[in-house]
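One structure is given here, and the rest of the page talks about it.
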Amino acid sequence: MKNIAFIFCCLLMTLKSYSQSTDRLWTESERESLLRGLEQTKNEVFSEIKGLTDQQWNFKEDSWRWSVSEIIDHLITQDESYNQEIWTCLNQPQQPQFIEQIKGNDQVFIEYSDDPLKANAGFLSPFGKYCSKDKTEFAYNRIRDALFGTVKNSKNDFRKHFTFRNFKFDGQLTNAEIYNVRDMHQIVITCISHTERYLKQPRKVKIHPNYPK
């Protein structure tokens with residue numbers, strides 16, 4: 001009897017797995033697009049900081065502006081936050097009831113890279129936790145590789161797991177705006193766009209008249 005019960009349990013699990021795979025929304029093409037974006041923006045970050053001297057690495061246009069070092073520090077902290085958020089949401093039950101309500105919003109998060117609105121980084125602000133350029137590069141490479149691995153290896157459907165921000169969740173999406181609700185594919189898009197957005201800052205620092213040569 002125990003063997004029969006075990007076989008029956010395995011059969012149910014197989015059928016459940018098959019059912020989930022046949023109605024999968026997140027495509028391999030979408031996965032590949034995220035992987036390309038993560039890899040490309042990572043390479044752009046390293047291209048921007050390659051060969052910088054200590055003086056260039058720590059130069060600030062003004063006391064209240066971020067140095068290149070602080071910009072990369074912020075990117076690391078933000079990527080860590082995204083990775084934790086994605087991992088947490090993927091380990092929650094699927095919520096297919098929200099699929100239709102956020103469908104078609106990808107472009108909004110793609111365009112975030114060019115959004116001129118300045119936001120307060122809050123707890124994601126840099127505070128000099130890396131004591132050298134080498135350690136900063138190591139930390140950035142590690143977290144971006146972790147994000148890459150999450151996207152590359154996940155068996156979850158990124159279109160059926162959601163994150164909810166900055167509004168009172170009532171079990172529905174009543175009064176929710178676009179930025180309040182994202183599926184996991186859209187969160188990774190936001191991560192890529194966030195990197196592209198902040199890549200503009202080192203480029204501005206480098207053209208300052210007092211930037212060390």
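Numbering starts fresh at 1 for the residues of each chain in the structure tokens, the chains themselves are lettered A, B, ... in the order given, and ligands are numbered from 1 as they appear.
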Exercise for review: Pull the strand (DSSP E) assignments for chain A out of DSSP run on the backbone, and list those residues as a PyMOL selection string.
Suggested key: chain A and resi 162-164+181-183
Give me the stretch 11-106 of chain A side of the contact with stretch 177-194 of chain A, cut-off 12 Å, one line per residue showing its nearest atom pair and distance in Å at one decimal, counting only C-alpha atoms, sorted by chain and residue number, as CSV.
```
residue,atom,partner,partner_atom,distance
A:Leu25,CA,A:His185,CA,10.7
A:Trp26,CA,A:His185,CA,8.0
A:Thr27,CA,A:His185,CA,10.3
A:Glu28,CA,A:His185,CA,11.6
A:Ser29,CA,A:His185,CA,11.7
A:Glu30,CA,A:His185,CA,8.0
A:Arg31,CA,A:His185,CA,8.2
A:Glu32,CA,A:His185,CA,11.2
A:Ser33,CA,A:Ile189,CA,9.4
A:Leu34,CA,A:Ile189,CA,6.9
A:Leu35,CA,A:Val188,CA,9.4
A:Arg36,CA,A:Ile192,CA,9.8
A:Gly37,CA,A:Ile192,CA,6.2
A:Leu38,CA,A:Ile192,CA,6.0
A:Glu39,CA,A:Ile192,CA,9.3
A:Gln40,CA,A:Ile192,CA,9.0
A:Thr41,CA,A:Ile192,CA,6.8
A:Lys42,CA,A:Ile192,CA,9.1
A:Asn43,CA,A:Ile192,CA,12.0
A:Glu44,CA,A:Ile192,CA,11.4
A:Val45,CA,A:Ile192,CA,11.5
A:Ile71,CA,A:His194,CA,11.7
A:Ile72,CA,A:His194,CA,11.9
A:His74,CA,A:His194,CA,10.6
A:Leu75,CA,A:His194,CA,8.3
A:Ile76,CA,A:Cys191,CA,11.0
A:Thr77,CA,A:Cys191,CA,11.5
A:Gln78,CA,A:Cys191,CA,8.0
A:Asp79,CA,A:Cys191,CA,6.9
A:Glu80,CA,A:Cys191,CA,10.3
A:Ser81,CA,A:Cys191,CA,9.8
A:Tyr82,CA,A:Cys191,CA,6.9
A:Asn83,CA,A:Val188,CA,8.8
A:Gln84,CA,A:Ile187,CA,11.4
A:Glu85,CA,A:Ile187,CA,8.8
A:Ile86,CA,A:Met184,CA,6.4
A:Trp87,CA,A:Met184,CA,9.6
A:Thr88,CA,A:Met184,CA,10.6
A:Cys89,CA,A:Met184,CA,7.8
A:Leu90,CA,A:Met184,CA,7.9
A:Asn91,CA,A:Met184,CA,11.6
A:Gln92,CA,A:Met184,CA,11.8
A:Gln94,CA,A:Asp183,CA,10.4
A:Gln95,CA,A:Asp183,CA,9.7
A:Pro96,CA,A:Asp183,CA,10.3
A:Gln97,CA,A:Asp183,CA,11.9
A:Phe98,CA,A:Asp183,CA,9.0
A:Ile99,CA,A:Asp183,CA,8.2
A:Glu100,CA,A:Asp183,CA,11.1
A:Gln101,CA,A:Val181,CA,9.3
A:Ile102,CA,A:Arg182,CA,7.1
A:Lys103,CA,A:Asp183,CA,9.2
A:Gly104,CA,A:Gln186,CA,10.2
A:Asn105,CA,A:Ile178,CA,7.3
A:Asp106,CA,A:Gln186,CA,6.0
```
| task | Mind the document's chain letters and residue numbers, and return as a PyMOL selection string the residues of stretch 42-72 of chain A that DSSP labels alpha helix (DSSP H). | result | chain A and resi 42-49+54-58+68-72
Just to confirm, what's the straight-line distance from atom CA of A:Arg159 to atom CA of A:Leu124 in Å (one decimal)?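 Here the two named atoms are 26.6 Å from each other.
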(request) Counting only C-alpha atoms, figure out which residue out of A:Thr195, A:Asn166, A:Ser63, A:Gln55 gets nearest to A:Arg144. (result)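 Of the candidates, the smallest distance to A:Arg144 is held by A:Thr195.
Here atom CA of A:Phe162 stands at a distance of 25.0 Å from atom CA of A:Arg142.
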